[in-house]
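A.B. asks: Shown below is the structure under consideration.
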2 protein chains.
Amino acid sequence: LDCTCTCTCQDKSPLIFVFSVLGFGWMMRSLYVMPIVVVGSSLFFAYWFYRIRRSGAFSKKTINKVVFFPDKATAKLLSRSRKRTNLQGSSLLTLMESIQSARHSLDVCMFTMACKELGEVLIKAHRDRITVRVITDAEQTGAYGSQIEKLRRAGIRVRMDKTTFFMHHKFVVVDNKVLVNGSLNWTNQGVCGNQENVLITNNSELVQPFVKQFEHLWQLYTTPGGLRLN
Amino acid sequence: LDCTCTCTCQDKSPLIFVFSVLGFGWMMRSLYVMPIVVVGSSLFFAYWFYRIRRSGAFSKKTINKVVFFPDKATAKLLSRSRKRTNLQGSSLLTLMESIQSARHSLDVCMFTMACKELGEVLIKAHRDRITVRVITDAEQTGAYGSQIEKLRRAGIRVRMDKTTFFMHHKFVVVDNKVLVNGSLNWTNQGVCGNQENVLITNNSELVQPFVKQFEHLWQLYTTPGGLRLN
């Protein structure tokens, strides 16, 4: 009695075995490892995202500009013509545009304010219902071409440093978000002749100290040491 | 004649089959999809890394500081004592430290240079073989306490604006990487009395224009319009 059996299931190739081990391993890894990977990488990216947002590096509205005076375009302004129409590409125009970009507020801290063009930008902003506040130095209100009296008549609030020291700042904070700061006083000589710089940034680490300092000075100059005009 | 054969290979469970399909799928995905994922994500991260490096947001050395004058600590300096020893925590000390951090070069563009402490910082830097270059305004060299003559005697190169306009900048570029800029002239009144600001940053978008402008002015003041002292 001889019985020969042939099993037909010998097609269980080693490849199938390898794949099944791979598949099982992958599933187990998915079950245990993946959640750790997902949570870990989420935390990692959340941290990066936080740092990036904070630094403003990826904001589409990152502003870091520097303009110098005199530039070729403003050099033409030296002519005493009353109409300075061709400001195209000039440092003065860049400065004016940064002020004109205000939507809510303009906090101006300016030692000497005697540039007609920039005074008019403030008056227009005030008429457009933007909150304009100006701090200046009392000794400089007598400067040739001072715009302070004109700003007051237009209804803009102006406060002054009446101490023997100078309120020597030359900065503007636009909408509490953009800082315009440098060596430039708003005078014809500053805009048209002197070597000057104006730095424009919305880096909050640089802007916020100026927001606080303006509030500090705005309160300071209500006291007898200062002079509150209105 | 009855022959019963039992095949022992019936343990090929459907689970093994499922796993082998999963494993095969995973391997195929690894072969075709993974390279795309790897290359794609590499490009993605490389772009981010570039943006981040460029913005300086992740540099450990990001510098964005603002100091105001007068502060409580510098107010004490108003006393005319010759030794101003206790500068701890003062704005003046922060300013001095930012200048002292120079390793290679100090490009100083200062309208009025009449503060003894800051003059000494420049002279010490020059002795420590740091390249110090100074641009100032000729009309201000006669100012009380002017340090310009002292700087020249120490061997520091000084160039001047002799035009009727002002070289009104008040900035320093440290090692071509850090900008120190604001309303502050280096005078006793500036440091001890006036309302002033100094902004310190290593944001290259803000620093590089000043690096270029210094070179421009450094060349400009070799011409007859300027005055080259040495």
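A note on labels: chains of the structure tokens are A, B, ... as shown, every chain counts residues from 1, and ligands are counted from 1 in their shown order.
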For chain A against chain B, with a cut-off of 6 Å and counting only C-alpha atoms, what is the closest atom pair and its distance in Å to one decimal for every residue that makes the cut, ordered by chain and number, as a tab-separated table?
C.D. replies:
residue	atom	partner	partner_atom	distance
A:Cys5	CA	B:Cys5	CA	5.9
A:Cys7	CA	B:Cys7	CA	5.9
A:Ile16	CA	B:Ser20	CA	5.8
A:Phe19	CA	B:Ser20	CA	4.4
A:Ser20	CA	B:Ser20	CA	3.6
A:Leu22	CA	B:Gly23	CA	4.8
A:Gly23	CA	B:Gly23	CA	3.5
A:Phe24	CA	B:Phe19	CA	5.5
A:Ser55	CA	B:Ala57	CA	5.7
A:Ala57	CA	B:Ser55	CA	5.8
A:Phe165	CA	B:Asn194	CA	5.0
A:Phe166	CA	B:Asn194	CA	4.8
A:Met167	CA	B:Gln195	CA	4.8
A:His168	CA	B:Gln195	CA	5.5
A:His169	CA	B:Glu196	CA	5.4
A:Gly182	CA	B:Gly182	CA	5.3
A:Ser183	CA	B:Ser183	CA	5.5
A:Gly193	CA	B:Phe165	CA	5.7
A:Asn194	CA	B:Phe166	CA	4.8
A:Gln195	CA	B:Met167	CA	4.8
A:Glu196	CA	B:His169	CA	5.4
A.B. asks: Can those selected residues be exported to a file as a PDB file, in the first residue's frame so that it contains C-alpha atoms?
C.D. replies:
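Ended up saving to selection-v2.pdb:
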ATOM      1  CA  CYS A   5       0.280  12.799  -1.614  1.00  0.00           C
ATOM      2  CA  CYS A   7       0.340  19.211  -1.644  1.00  0.00           C
ATOM      3  CA  ILE A  16       5.161  36.538   0.319  1.00  0.00           C
ATOM      4  CA  PHE A  19       6.091  41.132   2.382  1.00  0.00           C
ATOM      5  CA  SER A  20       3.875  39.925   5.175  1.00  0.00           C
ATOM      6  CA  LEU A  22       7.079  44.127   6.201  1.00  0.00           C
ATOM      7  CA  GLY A  23       3.325  44.761   6.188  1.00  0.00           C
ATOM      8  CA  PHE A  24       2.888  43.605   9.774  1.00  0.00           C
ATOM      9  CA  SER A  55       9.609  87.406  14.265  1.00  0.00           C
ATOM     10  CA  ALA A  57       9.697  87.001   9.007  1.00  0.00           C
ATOM     11  CA  PHE A 165      16.603 120.342  27.621  1.00  0.00           C
ATOM     12  CA  PHE A 166      15.521 119.298  24.145  1.00  0.00           C
ATOM     13  CA  MET A 167      12.700 116.967  23.223  1.00  0.00           C
ATOM     14  CA  HIS A 168      15.097 115.790  20.532  1.00  0.00           C
ATOM     15  CA  HIS A 169      13.226 112.756  19.112  1.00  0.00           C
ATOM     16  CA  GLY A 182      16.019 108.743  12.225  1.00  0.00           C
ATOM     17  CA  SER A 183      18.072 111.899  12.238  1.00  0.00           C
ATOM     18  CA  GLY A 193      20.244 119.791   2.101  1.00  0.00           C
ATOM     19  CA  ASN A 194      21.499 117.928   5.168  1.00  0.00           C
ATOM     20  CA  GLN A 195      22.872 114.401   5.251  1.00  0.00           C
ATOM     21  CA  GLU A 196      20.003 112.610   7.003  1.00  0.00           C
TER      22      GLU A 196
END
A.B. asks: Cα RMSD of chain B on chain A, all Cα atoms paired in order, least-squares fit?
C.D. replies: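 The superposed chains show a C-alpha RMSD of 0.9 Å.
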A.B. asks: Which residues are close to Glu149 in chain A, i.e. within 12 Å by only C-alpha atoms, leaving aside same-chain residues fewer than 2 positions away? Reply as JSON, numbers by chain.
C.D. replies: {"A": [113, 114, 116, 119, 123, 134, 136, 138, 140, 141, 142, 143, 145, 146, 147, 151, 152, 153, 154, 155, 156, 157, 158, 159, 229, 230]}
A.B. asks: Quick one: of A:Cys115, A:Val121, A:Ile130, A:Leu43, who's nearest to Ser98 in chain A, counting only C-alpha atoms?
C.D. replies: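 Under the stated criterion, the closest residue is A:Val121.
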A.B. asks: Write down as a list in words the residues belonging to range 76-127 of chain A that are assigned strand (DSSP E) by DSSP computed on the backbone.
C.D. replies: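 DSSP on the backbone gives strand (DSSP E) at Ser105, Leu106, Asp107, Val108, Cys109, Met110, Met113 and Ala114 of chain A.
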A.B. asks: Those residues with N, CA and C atoms, as an mmCIF file, in the first residue's frame please?
C.D. replies:
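Full text of result-v9.cif as output:
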data_model
loop_
_atom_site.group_PDB
_atom_site.id
_atom_site.type_symbol
_atom_site.label_atom_id
_atom_site.label_comp_id
_atom_site.auth_asym_id
_atom_site.auth_seq_id
_atom_site.Cartn_x
_atom_site.Cartn_y
_atom_site.Cartn_z
ATOM 1 N N SER A 105 -4.078 105.915 13.508
ATOM 2 C CA SER A 105 -3.420 106.891 14.374
ATOM 3 C C SER A 105 -2.031 107.275 13.884
ATOM 4 N N LEU A 106 -1.646 108.498 14.210
ATOM 5 C CA LEU A 106 -0.305 109.004 13.933
ATOM 6 C C LEU A 106 0.207 109.678 15.198
ATOM 7 N N ASP A 107 1.239 109.085 15.809
ATOM 8 C CA ASP A 107 1.853 109.696 16.989
ATOM 9 C C ASP A 107 3.190 110.270 16.553
ATOM 10 N N VAL A 108 3.248 111.593 16.518
ATOM 11 C CA VAL A 108 4.423 112.280 15.956
ATOM 12 C C VAL A 108 5.215 112.942 17.076
ATOM 13 N N CYS A 109 6.485 112.626 17.161
ATOM 14 C CA CYS A 109 7.368 113.177 18.182
ATOM 15 C C CYS A 109 8.519 113.833 17.426
ATOM 16 N N MET A 110 8.438 115.151 17.213
ATOM 17 C CA MET A 110 9.342 115.798 16.275
ATOM 18 C C MET A 110 9.933 117.074 16.864
ATOM 19 N N MET A 113 9.418 121.011 13.537
ATOM 20 C CA MET A 113 8.381 120.671 12.557
ATOM 21 C C MET A 113 8.162 121.895 11.689
ATOM 22 N N ALA A 114 8.922 121.963 10.595
ATOM 23 C CA ALA A 114 8.861 123.170 9.771
ATOM 24 C C ALA A 114 8.916 122.847 8.293
#
A.B. asks: Any idea what the distance is between CA of Met96 in chain A and CA of Val173 in chain A?
C.D. replies: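 Taking CA of Met96 in chain A as the start and CA of Val173 in chain A as the end point, the length is 13.2 Å.
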A.B. asks: Using DSSP on the backbone, list every residue of range 29-165 of chain A that comes out as alpha helix (DSSP H), and give them as a PDB file with C-alpha atoms, in the first residue's frame.
C.D. replies:
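The resulting file, part30.pdb, is reproduced below:
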ATOM      1  CA  ARG A  29       4.723  50.938  13.549  1.00  0.00           C
ATOM      2  CA  SER A  30       1.672  52.829  12.384  1.00  0.00           C
ATOM      3  CA  LEU A  31      -0.135  51.904  15.575  1.00  0.00           C
ATOM      4  CA  TYR A  32       2.614  52.786  18.030  1.00  0.00           C
ATOM      5  CA  VAL A  33       5.205  54.927  16.334  1.00  0.00           C
ATOM      6  CA  MET A  34       3.071  57.121  14.091  1.00  0.00           C
ATOM      7  CA  PRO A  35       1.102  58.831  16.852  1.00  0.00           C
ATOM      8  CA  ILE A  36       4.399  59.748  18.526  1.00  0.00           C
ATOM      9  CA  VAL A  37       5.793  61.002  15.227  1.00  0.00           C
ATOM     10  CA  VAL A  38       2.621  62.958  14.464  1.00  0.00           C
ATOM     11  CA  VAL A  39       2.371  64.555  17.915  1.00  0.00           C
ATOM     12  CA  GLY A  40       6.110  65.245  18.036  1.00  0.00           C
ATOM     13  CA  SER A  41       6.309  66.837  14.633  1.00  0.00           C
ATOM     14  CA  SER A  42       3.129  68.833  15.315  1.00  0.00           C
ATOM     15  CA  LEU A  43       4.722  70.303  18.447  1.00  0.00           C
ATOM     16  CA  PHE A  44       7.936  70.951  16.492  1.00  0.00           C
ATOM     17  CA  PHE A  45       6.161  72.787  13.688  1.00  0.00           C
ATOM     18  CA  ALA A  46       3.897  74.641  16.107  1.00  0.00           C
ATOM     19  CA  TYR A  47       7.016  75.956  17.870  1.00  0.00           C
ATOM     20  CA  TRP A  48       8.590  77.034  14.574  1.00  0.00           C
ATOM     21  CA  PHE A  49       5.361  78.611  13.451  1.00  0.00           C
ATOM     22  CA  TYR A  50       5.191  80.537  16.731  1.00  0.00           C
ATOM     23  CA  ARG A  51       8.794  81.776  16.352  1.00  0.00           C
ATOM     24  CA  ILE A  52       8.222  82.746  12.739  1.00  0.00           C
ATOM     25  CA  ARG A  53       4.986  84.576  13.452  1.00  0.00           C
ATOM     26  CA  ARG A  54       6.635  86.366  16.358  1.00  0.00           C
ATOM     27  CA  SER A  55       9.609  87.406  14.265  1.00  0.00           C
ATOM     28  CA  LYS A  72      19.009 113.024  -6.431  1.00  0.00           C
ATOM     29  CA  ALA A  73      15.269 113.569  -6.586  1.00  0.00           C
ATOM     30  CA  THR A  74      15.072 115.792  -3.508  1.00  0.00           C
ATOM     31  CA  ALA A  75      18.143 117.738  -4.617  1.00  0.00           C
ATOM     32  CA  SER A  91      13.215 110.012  -0.240  1.00  0.00           C
ATOM     33  CA  LEU A  92      10.684 112.679   0.743  1.00  0.00           C
ATOM     34  CA  LEU A  93       7.940 110.841  -1.145  1.00  0.00           C
ATOM     35  CA  THR A  94       8.833 107.536   0.559  1.00  0.00           C
ATOM     36  CA  LEU A  95       8.654 109.307   3.918  1.00  0.00           C
ATOM     37  CA  MET A  96       5.321 110.970   3.048  1.00  0.00           C
ATOM     38  CA  GLU A  97       3.849 107.663   1.850  1.00  0.00           C
ATOM     39  CA  SER A  98       4.813 105.923   5.095  1.00  0.00           C
ATOM     40  CA  ILE A  99       2.915 108.651   7.022  1.00  0.00           C
ATOM     41  CA  GLN A 100      -0.008 108.560   4.584  1.00  0.00           C
ATOM     42  CA  LYS A 116       5.193 122.451   4.708  1.00  0.00           C
ATOM     43  CA  GLU A 117       4.680 119.191   2.760  1.00  0.00           C
ATOM     44  CA  LEU A 118       4.858 117.012   5.868  1.00  0.00           C
ATOM     45  CA  GLY A 119       2.670 119.409   7.864  1.00  0.00           C
ATOM     46  CA  GLU A 120       0.029 119.141   5.158  1.00  0.00           C
ATOM     47  CA  VAL A 121       0.178 115.346   5.283  1.00  0.00           C
ATOM     48  CA  LEU A 122      -0.675 115.533   9.006  1.00  0.00           C
ATOM     49  CA  ILE A 123      -3.521 117.993   8.456  1.00  0.00           C
ATOM     50  CA  LYS A 124      -4.984 115.827   5.705  1.00  0.00           C
ATOM     51  CA  ALA A 125      -4.743 112.745   7.944  1.00  0.00           C
ATOM     52  CA  HIS A 126      -6.527 114.666  10.735  1.00  0.00           C
ATOM     53  CA  ARG A 127      -9.314 115.626   8.315  1.00  0.00           C
ATOM     54  CA  ILE A 148       2.919 123.934  14.781  1.00  0.00           C
ATOM     55  CA  GLU A 149       0.530 126.903  14.804  1.00  0.00           C
ATOM     56  CA  LYS A 150      -1.013 125.657  11.550  1.00  0.00           C
ATOM     57  CA  LEU A 151      -1.480 122.153  12.989  1.00  0.00           C
ATOM     58  CA  ARG A 152      -3.168 123.620  16.097  1.00  0.00           C
ATOM     59  CA  ARG A 153      -5.524 125.736  14.026  1.00  0.00           C
TER      60      ARG A 153
END
